[in-house]
>>> print(open('model_33.cif').read())   # mmCIF, C-alpha atoms and all ligand atoms
data_upload
loop_
_atom_site.label_atom_id
_atom_site.label_comp_id
_atom_site.auth_asym_id
_atom_site.auth_seq_id
_atom_site.Cartn_x
_atom_site.Cartn_y
_atom_site.Cartn_z
CA MET A 1 -39.08 4.30 -6.40
CA ARG A 2 -36.40 6.96 -6.09
CA ILE A 3 -33.08 5.46 -5.14
CA GLU A 4 -30.77 7.92 -3.47
CA LEU A 5 -27.23 7.45 -2.28
CA ALA A 6 -26.33 8.27 1.33
CA GLU A 7 -24.80 11.72 1.85
CA ARG A 8 -21.44 10.20 2.83
CA VAL A 9 -21.32 8.27 -0.45
CA LYS A 10 -22.15 11.43 -2.40
CA LYS A 11 -19.13 13.05 -0.77
CA LEU A 12 -16.74 10.58 -2.41
CA PRO A 13 -14.69 12.34 -5.09
CA PRO A 14 -15.56 11.63 -8.74
CA TYR A 15 -13.68 8.81 -10.40
CA ILE A 16 -10.87 10.73 -11.97
CA PHE A 17 -9.64 8.05 -14.35
CA ALA A 18 -12.95 7.53 -16.19
CA GLU A 19 -11.86 9.61 -19.22
CA LEU A 20 -8.47 7.92 -19.40
CA GLU A 21 -10.06 4.48 -19.13
CA LYS A 22 -12.34 5.32 -22.05
CA ILE A 23 -9.27 6.13 -24.18
CA ILE A 24 -7.47 2.95 -23.04
CA ASN A 25 -10.50 0.80 -23.91
CA GLU A 26 -10.81 2.50 -27.30
CA LYS A 27 -7.10 1.80 -28.01
CA LYS A 28 -7.58 -1.82 -26.97
CA ARG A 29 -10.58 -2.07 -29.29
CA GLN A 30 -8.44 -0.73 -32.14
CA GLY A 31 -5.91 -3.47 -31.39
CA VAL A 32 -3.15 -1.05 -30.26
CA ASP A 33 -0.36 -2.91 -28.46
CA LEU A 34 -0.39 -1.26 -25.03
CA ILE A 35 2.43 -1.46 -22.49
CA SER A 36 0.87 -1.03 -19.07
CA LEU A 37 3.12 0.62 -16.53
CA SER A 38 0.18 1.70 -14.47
CA ILE A 39 -1.12 -1.06 -12.26
CA GLY A 40 0.02 -1.99 -8.75
CA ASP A 41 -0.44 -5.69 -9.33
CA PRO A 42 2.66 -7.91 -9.60
CA ASP A 43 3.18 -9.66 -12.94
CA PHE A 44 4.88 -12.59 -11.16
CA SER A 45 3.24 -15.87 -10.33
CA PRO A 46 3.11 -16.61 -6.61
CA PRO A 47 5.94 -18.97 -5.57
CA LYS A 48 5.48 -22.68 -6.25
CA PHE A 49 5.32 -23.45 -2.53
CA ILE A 50 2.30 -21.17 -2.19
CA LEU A 51 0.49 -22.63 -5.19
CA GLU A 52 1.08 -26.13 -3.83
CA ALA A 53 0.03 -25.14 -0.31
CA LEU A 54 -3.13 -23.47 -1.69
CA ALA A 55 -4.05 -26.62 -3.61
CA GLU A 56 -3.50 -28.76 -0.53
CA GLU A 57 -5.19 -26.51 2.03
CA SER A 58 -8.16 -25.66 -0.16
CA SER A 59 -8.82 -29.34 -0.84
CA ASN A 60 -9.15 -30.06 2.86
CA PRO A 61 -12.90 -29.91 3.67
CA LYS A 62 -12.11 -28.77 7.23
CA ASN A 63 -10.76 -25.51 5.85
CA HIS A 64 -14.10 -24.42 4.41
CA ASN A 65 -15.99 -23.55 7.60
CA TYR A 66 -16.25 -20.02 8.99
CA SER A 67 -13.00 -18.85 10.51
CA PHE A 68 -12.74 -16.42 13.43
CA SER A 69 -13.09 -12.68 12.77
CA GLN A 70 -9.81 -12.01 14.51
CA GLY A 71 -7.98 -14.79 12.62
CA GLU A 72 -7.08 -18.37 13.43
CA PRO A 73 -4.85 -18.74 16.53
CA GLU A 74 -2.20 -20.51 14.43
CA PHE A 75 -2.14 -17.60 11.95
CA LYS A 76 -1.80 -14.98 14.67
CA GLU A 77 1.03 -16.93 16.29
CA ALA A 78 2.85 -17.17 12.94
CA VAL A 79 2.46 -13.40 12.46
CA ALA A 80 3.88 -12.71 15.94
CA GLU A 81 6.82 -15.03 15.24
CA TRP A 82 7.48 -13.40 11.87
CA TYR A 83 7.33 -9.96 13.46
CA LYS A 84 9.82 -10.87 16.13
CA GLY A 85 12.24 -12.23 13.52
CA ARG A 86 11.73 -9.45 10.99
CA PHE A 87 11.51 -6.37 13.27
CA GLY A 88 12.62 -7.61 16.70
CA VAL A 89 9.27 -6.60 18.21
CA ASP A 90 7.39 -8.83 20.68
CA LEU A 91 3.65 -9.16 20.08
CA ASP A 92 0.98 -10.98 22.03
CA PRO A 93 -0.71 -13.05 19.31
CA LYS A 94 -3.99 -13.07 21.24
CA SER A 95 -4.47 -9.32 21.62
CA GLU A 96 -1.96 -7.52 19.39
CA VAL A 97 -2.55 -9.29 16.04
CA ILE A 98 -5.61 -9.45 13.78
CA ALA A 99 -6.10 -11.18 10.41
CA LEU A 100 -7.35 -9.09 7.48
CA ILE A 101 -9.01 -9.90 4.17
CA GLY A 102 -6.17 -7.95 2.57
CA SER A 103 -4.80 -4.81 4.23
CA LYS A 104 -7.18 -2.50 2.27
CA GLU A 105 -10.13 -3.87 4.23
CA GLY A 106 -8.42 -3.14 7.55
CA LEU A 107 -7.34 0.35 6.46
CA ALA A 108 -10.94 1.21 5.61
CA ASN A 109 -12.56 -0.45 8.64
CA ILE A 110 -10.21 1.04 11.24
CA ALA A 111 -11.71 4.51 10.83
CA ARG A 112 -15.24 3.23 11.53
CA ALA A 113 -14.04 2.08 14.94
CA PHE A 114 -12.68 5.45 16.11
CA VAL A 115 -13.87 8.32 13.93
CA ASN A 116 -17.07 10.12 14.92
CA PRO A 117 -18.98 12.22 12.36
CA GLY A 118 -17.05 15.47 11.90
CA ASP A 119 -13.79 14.19 13.43
CA LYS A 120 -10.69 15.04 11.45
CA VAL A 121 -8.24 12.54 10.02
CA LEU A 122 -4.76 13.47 8.81
CA VAL A 123 -4.27 11.92 5.39
CA PRO A 124 -1.14 12.11 3.26
CA ASN A 125 -1.45 13.60 -0.22
CA PRO A 126 -0.51 12.20 -2.74
CA ALA A 127 -1.61 8.83 -1.39
CA TYR A 128 -3.38 5.54 -1.82
CA PRO A 129 -6.99 6.81 -1.99
CA VAL A 130 -8.41 4.48 0.69
CA TYR A 131 -7.20 6.67 3.58
CA ALA A 132 -9.25 9.70 2.54
CA ASN A 133 -12.18 7.92 0.90
CA GLY A 134 -12.87 4.37 2.09
CA ALA A 135 -11.71 5.17 5.61
CA THR A 136 -12.39 8.83 6.40
CA ILE A 137 -15.25 10.01 4.18
CA LEU A 138 -17.20 6.76 4.54
CA SER A 139 -16.90 7.15 8.33
CA GLU A 140 -18.26 10.71 8.01
CA GLY A 141 -14.90 12.06 9.08
CA VAL A 142 -13.15 15.02 7.47
CA PRO A 143 -9.85 14.43 5.65
CA MET A 144 -7.16 16.93 6.68
CA VAL A 145 -4.47 16.96 4.03
CA MET A 146 -0.80 16.38 4.95
CA PRO A 147 1.11 17.43 1.84
CA LEU A 148 3.97 15.11 0.92
CA LEU A 149 6.45 17.41 -0.79
CA GLU A 150 9.52 16.56 -2.77
CA GLU A 151 11.68 18.91 -0.69
CA ASN A 152 10.80 16.79 2.39
CA ASP A 153 11.47 13.50 0.56
CA PHE A 154 7.70 13.05 0.40
CA ARG A 155 7.37 12.76 4.17
CA PRO A 156 5.01 14.85 6.29
CA ASP A 157 6.57 17.92 7.87
CA VAL A 158 5.89 17.12 11.53
CA GLU A 159 6.94 20.58 12.75
CA SER A 160 4.35 22.34 10.63
CA LEU A 161 1.74 19.71 11.54
CA ALA A 162 2.30 20.53 15.21
CA GLU A 163 1.48 24.17 14.47
CA MET A 164 -1.89 23.36 12.91
CA ASN A 165 -5.18 23.45 14.78
CA LEU A 166 -5.37 19.82 15.85
CA GLU A 167 -8.71 20.01 17.62
CA ASN A 168 -10.86 16.93 16.83
CA VAL A 169 -8.01 15.21 14.97
CA LYS A 170 -8.54 11.57 15.85
CA MET A 171 -6.33 9.63 13.54
CA MET A 172 -3.54 9.85 10.98
CA PHE A 173 -2.59 7.59 8.09
CA LEU A 174 0.97 7.09 6.94
CA ASN A 175 2.40 4.76 4.34
CA TYR A 176 6.09 3.86 3.94
CA PRO A 177 7.53 2.46 1.76
CA ASN A 178 5.23 4.82 -0.07
CA ASN A 179 2.78 4.39 -2.90
CA PRO A 180 2.93 6.40 -5.18
CA THR A 181 6.23 8.22 -4.50
CA GLY A 182 8.49 5.25 -3.66
CA SER A 183 9.79 7.27 -0.70
CA VAL A 184 10.94 5.47 2.47
CA MET A 185 11.09 6.12 6.22
CA ASP A 186 13.80 6.00 8.86
CA LYS A 187 13.47 5.34 12.57
CA MET A 188 14.36 8.89 13.58
CA SER A 189 11.47 10.34 11.56
CA LEU A 190 9.19 7.62 12.89
CA LYS A 191 10.11 8.60 16.44
CA GLN A 192 9.14 12.21 15.65
CA ILE A 193 5.75 11.00 14.40
CA VAL A 194 5.18 8.77 17.43
CA ASP A 195 5.98 11.67 19.80
CA PHE A 196 3.68 14.01 17.85
CA ALA A 197 0.86 11.44 18.00
CA GLU A 198 1.37 10.84 21.71
CA GLU A 199 1.36 14.56 22.51
CA ASN A 200 -1.81 15.17 20.51
CA ASN A 201 -3.67 11.94 21.27
CA ILE A 202 -3.80 10.83 17.64
CA ILE A 203 -4.04 7.18 16.55
CA VAL A 204 -1.41 6.35 13.90
CA CYS A 205 -2.41 3.90 11.17
CA TYR A 206 0.86 2.89 9.55
CA ASP A 207 0.57 1.12 6.21
CA ASN A 208 3.62 -1.09 5.67
CA ALA A 209 2.26 -3.13 2.74
CA TYR A 210 5.52 -2.76 0.79
CA SER A 211 7.91 -3.55 3.66
CA GLU A 212 9.49 -6.47 1.79
CA ILE A 213 9.90 -4.87 -1.65
CA THR A 214 13.13 -2.98 -0.99
CA PHE A 215 16.45 -2.49 -2.81
CA ASP A 216 20.14 -1.67 -2.40
CA GLY A 217 20.30 -3.02 1.17
CA TYR A 218 17.49 -0.80 2.51
CA LYS A 219 15.31 -2.54 5.13
CA ALA A 220 11.95 -0.98 5.89
CA PRO A 221 11.37 -0.45 9.63
CA SER A 222 8.18 -0.99 11.59
CA ILE A 223 6.67 1.90 13.55
CA LEU A 224 6.44 -0.51 16.49
CA GLU A 225 10.25 -0.69 16.66
CA VAL A 226 10.27 2.90 17.86
CA GLU A 227 9.98 3.64 21.58
CA GLY A 228 6.33 4.47 22.34
CA GLY A 229 5.17 3.06 18.97
CA LYS A 230 2.88 0.50 20.53
CA ASP A 231 1.18 3.21 22.61
CA VAL A 232 -0.13 5.04 19.56
CA ALA A 233 0.00 2.85 16.47
CA ILE A 234 -1.49 0.03 14.50
CA GLU A 235 0.53 -1.25 11.55
CA PHE A 236 -0.93 -2.88 8.44
CA HIS A 237 0.79 -5.64 6.48
CA SER A 238 -0.08 -7.72 3.49
CA CYS A 239 0.93 -10.93 1.75
CA SER A 240 -0.24 -9.35 -1.54
CA LYS A 241 3.02 -7.80 -2.72
CA THR A 242 5.49 -9.94 -0.75
CA PHE A 243 4.25 -13.21 -2.24
CA SER A 244 2.51 -11.83 -5.38
CA MET A 245 -0.88 -13.03 -4.15
CA THR A 246 -3.02 -9.89 -4.47
CA GLY A 247 -6.13 -11.88 -5.41
CA ASP A 248 -5.94 -14.25 -2.45
CA ARG A 249 -6.81 -11.44 0.00
CA ILE A 250 -4.73 -12.08 3.06
CA GLY A 251 -3.13 -9.48 5.30
CA PHE A 252 -2.88 -8.58 8.98
CA ALA A 253 -2.59 -5.71 11.41
CA VAL A 254 -0.53 -5.56 14.60
CA GLY A 255 0.06 -3.07 17.38
CA ASN A 256 -1.74 -1.39 20.27
CA ARG A 257 -4.24 -3.83 21.75
CA ASP A 258 -7.01 -1.25 22.25
CA ILE A 259 -6.74 -0.14 18.63
CA ILE A 260 -6.71 -3.78 17.46
CA ASN A 261 -9.73 -4.45 19.65
CA GLY A 262 -11.60 -1.51 18.09
CA LEU A 263 -10.93 -2.90 14.61
CA LEU A 264 -12.10 -6.32 15.77
CA LYS A 265 -15.39 -4.83 17.03
CA ILE A 266 -16.12 -3.60 13.49
CA LYS A 267 -14.95 -6.74 11.75
CA ALA A 268 -16.99 -8.98 14.03
CA GLN A 269 -20.08 -7.18 12.70
CA VAL A 270 -19.17 -7.06 9.01
CA ASP A 271 -17.11 -10.11 8.07
CA SER A 272 -16.03 -13.51 9.30
CA GLY A 273 -12.30 -13.34 8.66
CA PRO A 274 -10.22 -14.51 5.70
CA PRO A 275 -10.76 -18.11 4.52
CA ARG A 276 -9.06 -20.63 6.76
CA TYR A 277 -7.08 -22.08 3.85
CA THR A 278 -5.53 -18.74 2.89
CA GLN A 279 -4.55 -18.20 6.52
CA ARG A 280 -2.94 -21.63 6.61
CA VAL A 281 -1.06 -20.87 3.40
CA ALA A 282 0.11 -17.52 4.82
CA VAL A 283 1.38 -19.36 7.92
CA ARG A 284 3.55 -21.54 5.69
CA ALA A 285 4.76 -18.50 3.75
CA LEU A 286 5.69 -16.47 6.84
CA LYS A 287 7.50 -19.47 8.29
CA ARG A 288 9.82 -19.42 5.25
CA TYR A 289 11.55 -16.41 6.83
CA VAL A 290 14.60 -17.44 8.86
CA ASN A 291 15.64 -15.02 11.60
CA GLY A 292 13.92 -12.21 9.71
CA GLU A 293 15.67 -13.09 6.43
CA PRO A 294 13.25 -13.43 3.52
CA PRO A 295 13.01 -16.65 1.51
CA GLU A 296 14.69 -16.91 -1.90
CA TYR A 297 11.46 -16.02 -3.78
CA VAL A 298 11.07 -12.67 -2.00
CA LYS A 299 14.75 -11.83 -2.54
CA GLU A 300 14.44 -12.74 -6.22
CA ILE A 301 11.36 -10.62 -6.97
CA ALA A 302 12.91 -7.67 -5.11
CA ARG A 303 16.06 -8.10 -7.21
CA ILE A 304 14.04 -8.13 -10.44
CA TYR A 305 11.90 -5.12 -9.47
CA GLY A 306 15.15 -3.36 -8.55
CA GLU A 307 16.67 -4.06 -11.98
CA ARG A 308 13.54 -2.91 -13.78
CA ARG A 309 13.57 0.28 -11.72
CA GLU A 310 17.19 0.90 -12.86
CA GLU A 311 16.18 0.38 -16.48
CA LEU A 312 13.20 2.73 -16.22
CA VAL A 313 15.02 5.47 -14.32
CA LYS A 314 17.90 5.34 -16.83
CA GLY A 315 15.45 5.57 -19.76
CA LEU A 316 13.40 8.39 -18.23
CA ARG A 317 16.47 10.44 -17.39
CA ARG A 318 17.68 10.02 -20.96
CA LEU A 319 14.37 11.53 -22.02
CA GLY A 320 15.05 14.49 -19.76
CA LEU A 321 12.52 13.52 -17.08
CA GLU A 322 13.39 14.14 -13.46
CA CYS A 323 13.07 11.22 -11.05
CA LYS A 324 14.71 9.69 -8.02
CA LYS A 325 15.71 6.05 -7.96
CA PRO A 326 13.41 4.64 -5.25
CA LEU A 327 14.73 2.36 -2.50
CA ALA A 328 11.46 0.44 -2.24
CA THR A 329 8.08 -0.42 -3.85
CA PHE A 330 7.58 -1.12 -7.53
CA TYR A 331 6.75 2.51 -8.34
CA VAL A 332 8.78 5.30 -9.90
CA TRP A 333 7.42 8.81 -9.30
CA VAL A 334 8.33 11.18 -12.08
CA LYS A 335 8.05 14.93 -12.38
CA CYS A 336 6.31 15.78 -15.63
CA GLY A 337 5.98 19.49 -14.90
CA GLU A 338 2.59 19.80 -16.58
CA ASP A 339 -1.01 18.64 -16.27
CA SER A 340 -0.54 14.98 -15.37
CA MET A 341 -3.70 13.83 -17.12
CA LYS A 342 -2.61 15.47 -20.40
CA PHE A 343 0.90 14.06 -20.03
CA SER A 344 -0.49 10.54 -19.49
CA GLN A 345 -2.69 10.96 -22.55
CA ARG A 346 0.34 11.91 -24.63
CA LEU A 347 2.07 8.71 -23.52
CA LEU A 348 -1.07 6.78 -24.39
CA ASP A 349 -0.74 8.02 -27.97
CA VAL A 350 2.29 5.72 -28.25
CA GLY A 351 0.62 2.94 -26.28
CA VAL A 352 2.30 3.52 -22.89
CA VAL A 353 -0.14 3.40 -19.98
CA THR A 354 0.82 5.28 -16.80
CA THR A 355 -1.04 6.75 -13.81
CA PRO A 356 -1.44 10.54 -13.65
CA GLY A 357 -0.35 11.91 -10.27
CA ILE A 358 -3.60 13.84 -9.81
CA GLY A 359 -5.30 10.50 -9.17
CA PHE A 360 -3.48 10.38 -5.82
CA GLY A 361 -4.60 13.86 -4.74
CA GLU A 362 -3.88 17.49 -5.62
CA TYR A 363 -0.28 17.29 -4.39
CA GLY A 364 0.29 14.56 -6.98
CA GLU A 365 -0.37 17.04 -9.80
CA GLY A 366 2.71 17.58 -11.98
CA TYR A 367 3.84 13.97 -11.47
CA ILE A 368 3.29 10.61 -13.13
CA ARG A 369 3.48 7.19 -11.50
CA PHE A 370 5.12 4.37 -13.40
CA SER A 371 4.96 0.84 -12.02
CA VAL A 372 7.63 -1.65 -12.98
CA THR A 373 5.27 -4.58 -13.21
CA GLN A 374 6.47 -5.43 -16.73
CA PRO A 375 9.64 -7.22 -17.89
CA LYS A 376 12.76 -5.16 -18.60
CA GLU A 377 12.40 -5.50 -22.39
CA LYS A 378 8.92 -3.98 -22.24
CA ILE A 379 10.19 -1.12 -20.08
CA ARG A 380 12.97 -0.48 -22.61
CA GLU A 381 10.43 -0.52 -25.45
CA ALA A 382 8.16 1.87 -23.50
CA CYS A 383 11.08 4.31 -23.17
CA GLU A 384 11.78 4.09 -26.92
CA ARG A 385 8.13 4.75 -27.67
CA MET A 386 8.01 7.71 -25.27
CA GLU A 387 10.95 9.29 -27.08
CA LYS A 388 8.60 9.88 -30.03
CA VAL A 389 6.28 12.13 -28.05
CA LEU A 390 8.55 13.77 -25.49
C1 LIG A 401 -0.12 1.55 -0.07
C2 LIG A 401 -1.01 0.38 -0.20
N1 LIG A 401 -1.56 -0.12 0.91
C3 LIG A 401 -2.38 -1.18 0.87
C4 LIG A 401 -2.68 -1.79 -0.33
C5 LIG A 401 -3.68 -2.90 -0.32
O1 LIG A 401 -3.13 -4.14 -0.38
P1 LIG A 401 -3.97 -5.45 -0.04
O2 LIG A 401 -5.36 -5.06 0.29
O3 LIG A 401 -3.90 -6.29 -1.26
O4 LIG A 401 -3.29 -6.06 1.15
C6 LIG A 401 -2.13 -1.30 -1.51
C7 LIG A 401 -2.47 -1.92 -2.81
O5 LIG A 401 -2.11 -1.51 -3.87
C8 LIG A 401 -1.26 -0.20 -1.45
O6 LIG A 401 -0.69 0.33 -2.54
#
>>> encode(input="model_33.cif", output="structure tokens", more="lines below")
Ligand SMILES: Cc1ncc(COP(=O)(O)O)c(C=O)c1O
Amino acid sequence: MRIELAERVKKLPPYIFAELEKIINEKKRQGVDLISLSIGDPDFSPPKFILEALAEESSNPKNHNYSFSQGEPEFKEAVAEWYKGRFGVDLDPKSEVIALIGSKEGLANIARAFVNPGDKVLVPNPAYPVYANGATILSEGVPMVMPLLEENDFRPDVESLAEMNLENVKMMFLNYPNNPTGSVMDKMSLKQIVDFAEENNIIVCYDNAYSEITFDGYKAPSILEVEGGKDVAIEFHSCSKTFSMTGDRIGFAVGNRDIINGLLKIKAQVDSGPPRYTQRVAVRALKRYVNGEPPEYVKEIARIYGERREELVKGLRRLGLECKKPLATFYVWVKCGEDSMKFSQRLLDVGVVTTPGIGFGEYGEGYIRFSVTQPKEKIREACERMEKVL
């Protein structure tokens, strides 16, 4: 039998890191002590209250039946309450909230609900690859690149977007605080985006997965805080980074009820919602917020990521590398001024693993992403090692 992939799957870009992974595995085999500053997975344990809640909720037999595709009522109510406290936005838990098996699932599935074959989708570049691939290409849509340039603080230039041919543009993805650039958003720029979307009938999918990992007093806004936001947008959130529980797969989306309903139509056909026990744990976690103020654990991890970021930025600048100190996320986006794959390979020669910017799209070329998911001492050692090759 000849097994052939579907055309839409063939359109997915080649896996760009294959060569680099081969080198990393070879180094590991040789016993080289690698310092990984490449992954977007927290090195912290989840807080004790989550581990205890998980043990308790998962040992309750009642929590092992199918849950609802849209999420348990109690979970959706807790999300609405958290949202009100954190962003001051009212949500109807019944129609404006949906549970997700991690936000990645929702970001991919949303396009299937609204994108027809050949429709265009505005996707930022550089960006988390799901927007262009898992969402757009796998829905037979066509990604339309929105360059995120340094001179615009890695935000889309809405004025030049408005001048483009926007025929058949159905949807746009945005992500702030941003992976990979660490750039952030303000409400004025969000208002510009909401107005642009309203004028051009474009659904905005706003990825706010890093809303709680912020520094130096910066608080990430929600697109729903902006006047008209709920008319055009759905916003994606996650417990993954906030509570260091990436493997537990629990997130949610909120916003315009028709957009939420579209996502629900897809999810009702492809999954049966996150496990009831993870939803019950997430309820307890969200309830730890008091009047929008995060619990001690979230403040503490943000403080530590912030300190590591200081250490890394200081070290990189000493090495003559250009980078901004980000106000959010655990990423530092660094200009390397050359082929990012080659640059990353040079750092690998001294056992420092980073992510070449090209992996996030062509506008990521010339940059490297460092993640500060290692203790400060390791970051310091990585900088010392890099000095040998830079
Ligand atoms: C920008 C962004 N959005 C969403 C996600 C997915 O998070 P999860 O599916 O764990 O909620 C990630 C994960 O790295 C991310 O970087």
>>> closest_residue(input="model_33.cif", among="A:Ile202, A:Cys383, A:Leu263, A:Val130", to="ligand LIG 401 (chain A)", atoms="all atoms listed in the file")
A:Val130
>>> closest_residue(input="model_33.cif", among="A:Tyr297, A:Tyr218, A:Phe252, A:Tyr363", to="ligand LIG 401 (chain A)", atoms="only C-alpha atoms and all ligand atoms")
A:Phe252
>>> residues_near_ligand(input="model_33.cif", ligand="ligand LIG 401 (chain A)", cutoff="8 Å", atoms="only C-alpha atoms and all ligand atoms", output="PyMOL selection string")
chain A and resi 40-41+101-105+107+127-128+175-180+207-210+236-241+245-247+249-251
>>> residues_around(input="model_33.cif", residues="range 344-352 of chain A", least_positions_apart="6", cutoff="6 Å", atoms="only C-alpha atoms", output="CSV table (one decimal) with C-alpha atoms, in the frame of the given file")
chain,number,residue,atom,x,y,z
A,34,LEU,CA,-0.4,-1.3,-25.0
A,35,ILE,CA,2.4,-1.5,-22.5
A,385,ARG,CA,8.1,4.8,-27.7
>>> residues_around(input="model_33.cif", residues="Asn291 in chain A", least_positions_apart="2", cutoff="8 Å", atoms="all atoms listed in the file", output="CSV table (one decimal) with C-alpha atoms, in the coordinates of the input")
chain,number,residue,atom,x,y,z
A,85,GLY,CA,12.2,-12.2,13.5
A,86,ARG,CA,11.7,-9.4,11.0
A,289,TYR,CA,11.6,-16.4,6.8
A,293,GLU,CA,15.7,-13.1,6.4
>>> residues_around(input="model_33.cif", residues="Leu224 in chain A", least_positions_apart="6", cutoff="9 Å", atoms="only C-alpha atoms", output="compact mmCIF listing (two decimals) with C-alpha atoms, keeping the file's coordinate frame")
# COMPACT_ATOMS: atom_id res chain seq x y z
CA PHE A 87 11.51 -6.37 13.27
CA VAL A 89 9.27 -6.60 18.21
CA LYS A 230 2.88 0.50 20.53
CA ASP A 231 1.18 3.21 22.61
CA ALA A 233 0.00 2.85 16.47
CA ILE A 234 -1.49 0.03 14.50
CA GLU A 235 0.53 -1.25 11.55
CA VAL A 254 -0.53 -5.56 14.60
CA GLY A 255 0.06 -3.07 17.38
>>> residues_around(input="model_33.cif", residues="range 304-306 of chain A", least_positions_apart="5", cutoff="7 Å", atoms="only C-alpha atoms", output="ChimeraX atom specification")
/A:215,330,372
>>> closest_residue(input="model_33.cif", among="A:Ile379, A:Val194, A:Met188, A:Cys336", to="Ile358 in chain A", atoms="only C-alpha atoms")
A:Cys336
>>> closest_residue(input="model_33.cif", among="A:Ala253, A:Glu52, A:Glu140, A:Tyr367", to="Thr354 in chain A", atoms="only C-alpha atoms")
A:Tyr367
>>> residues_around(input="model_33.cif", residues="Pro126 in chain A", least_positions_apart="6", cutoff="8 Å", atoms="only C-alpha atoms", output="number ranges by chain")
A: 147-148, 180, 357-358, 360-364
>>> closest_residue(input="model_33.cif", among="A:Phe49, A:Gln70, A:Lys325, A:Cys205", to="Leu122 in chain A", atoms="all atoms listed in the file")
A:Cys205
>>> atom_distance(input="model_33.cif", atom1="CA of Lys376 in chain A", atom2="CA of Arg308 in chain A")
5.4 Å
>>> atom_distance(input="model_33.cif", atom1="CA of Ala220 in chain A", atom2="CA of Trp333 in chain A")
18.6 Å
>>> atom_distance(input="model_33.cif", atom1="CA of Leu264 in chain A", atom2="CA of Gly228 in chain A")
22.3 Å
>>> residues_near_point(input="model_33.cif", point="(10.6, 8.7, 16.3)", cutoff="12 Å", atoms="only C-alpha atoms", output="list of chain:residue names")
A:Val158, A:Met185, A:Asp186, A:Lys187, A:Met188, A:Ser189, A:Leu190, A:Lys191, A:Gln192, A:Ile193, A:Val194, A:Asp195, A:Phe196, A:Ala197, A:Glu198, A:Pro221, A:Ser222, A:Ile223, A:Leu224, A:Glu225, A:Val226, A:Glu227, A:Gly228, A:Gly229, A:Val232
>>> write_last_selection(input="model_33.cif", atoms="C-alpha atoms", output="compact mmCIF listing (two decimals), in the coordinates of the input")
# COMPACT_ATOMS: atom_id res chain seq x y z
CA VAL A 158 5.89 17.12 11.53
CA MET A 185 11.09 6.12 6.22
CA ASP A 186 13.80 6.00 8.86
CA LYS A 187 13.47 5.34 12.57
CA MET A 188 14.36 8.89 13.58
CA SER A 189 11.47 10.34 11.56
CA LEU A 190 9.19 7.62 12.89
CA LYS A 191 10.11 8.60 16.44
CA GLN A 192 9.14 12.21 15.65
CA ILE A 193 5.75 11.00 14.40
CA VAL A 194 5.18 8.77 17.43
CA ASP A 195 5.98 11.67 19.80
CA PHE A 196 3.68 14.01 17.85
CA ALA A 197 0.86 11.44 18.00
CA GLU A 198 1.37 10.84 21.71
CA PRO A 221 11.37 -0.45 9.63
CA SER A 222 8.18 -0.99 11.59
CA ILE A 223 6.67 1.90 13.55
CA LEU A 224 6.44 -0.51 16.49
CA GLU A 225 10.25 -0.69 16.66
CA VAL A 226 10.27 2.90 17.86
CA GLU A 227 9.98 3.64 21.58
CA GLY A 228 6.33 4.47 22.34
CA GLY A 229 5.17 3.06 18.97
CA VAL A 232 -0.13 5.04 19.56
>>> axis_aligned_box(input="model_33.cif", around="range 327-345 of chain A", padding_each_side="3 Å", output="JSON")
{"center_x": 5.5, "center_y": 9.3, "center_z": -12.4, "size_x": 24.4, "size_y": 26.9, "size_z": 26.3}
>>> closest_residue(input="model_33.cif", among="A:Phe114, A:Phe243, A:Tyr277, A:Tyr15", to="Val169 in chain A", atoms="all atoms listed in the file")
A:Phe114
>>> build_atoms(input="model_33.cif", residues="range 167-173 of chain A", atoms="N, CA, C and O atoms", output="tab-separated table (two decimals), keeping the file's coordinate frame")
chain	number	residue	atom	x	y	z
A	167	GLU	N	-7.49	20.34	16.90
A	167	GLU	CA	-8.71	20.01	17.62
A	167	GLU	C	-9.52	18.98	16.81
A	167	GLU	O	-9.66	19.14	15.58
A	168	ASN	N	-10.05	17.99	17.48
A	168	ASN	CA	-10.86	16.93	16.83
A	168	ASN	C	-10.10	16.07	15.84
A	168	ASN	O	-10.71	15.38	15.02
A	169	VAL	N	-8.75	16.13	15.84
A	169	VAL	CA	-8.01	15.21	14.97
A	169	VAL	C	-7.89	13.89	15.72
A	169	VAL	O	-7.31	13.83	16.80
A	170	LYS	N	-8.44	12.85	15.14
A	170	LYS	CA	-8.54	11.57	15.85
A	170	LYS	C	-7.48	10.58	15.40
A	170	LYS	O	-7.02	9.73	16.16
A	171	MET	N	-7.09	10.72	14.13
A	171	MET	CA	-6.33	9.63	13.54
A	171	MET	C	-5.43	10.18	12.45
A	171	MET	O	-5.74	11.22	11.86
A	172	MET	N	-4.33	9.49	12.16
A	172	MET	CA	-3.54	9.85	10.98
A	172	MET	C	-3.13	8.58	10.23
A	172	MET	O	-2.92	7.53	10.85
A	173	PHE	N	-3.07	8.70	8.92
A	173	PHE	CA	-2.59	7.59	8.09
A	173	PHE	C	-1.21	7.93	7.55
A	173	PHE	O	-0.95	9.08	7.18
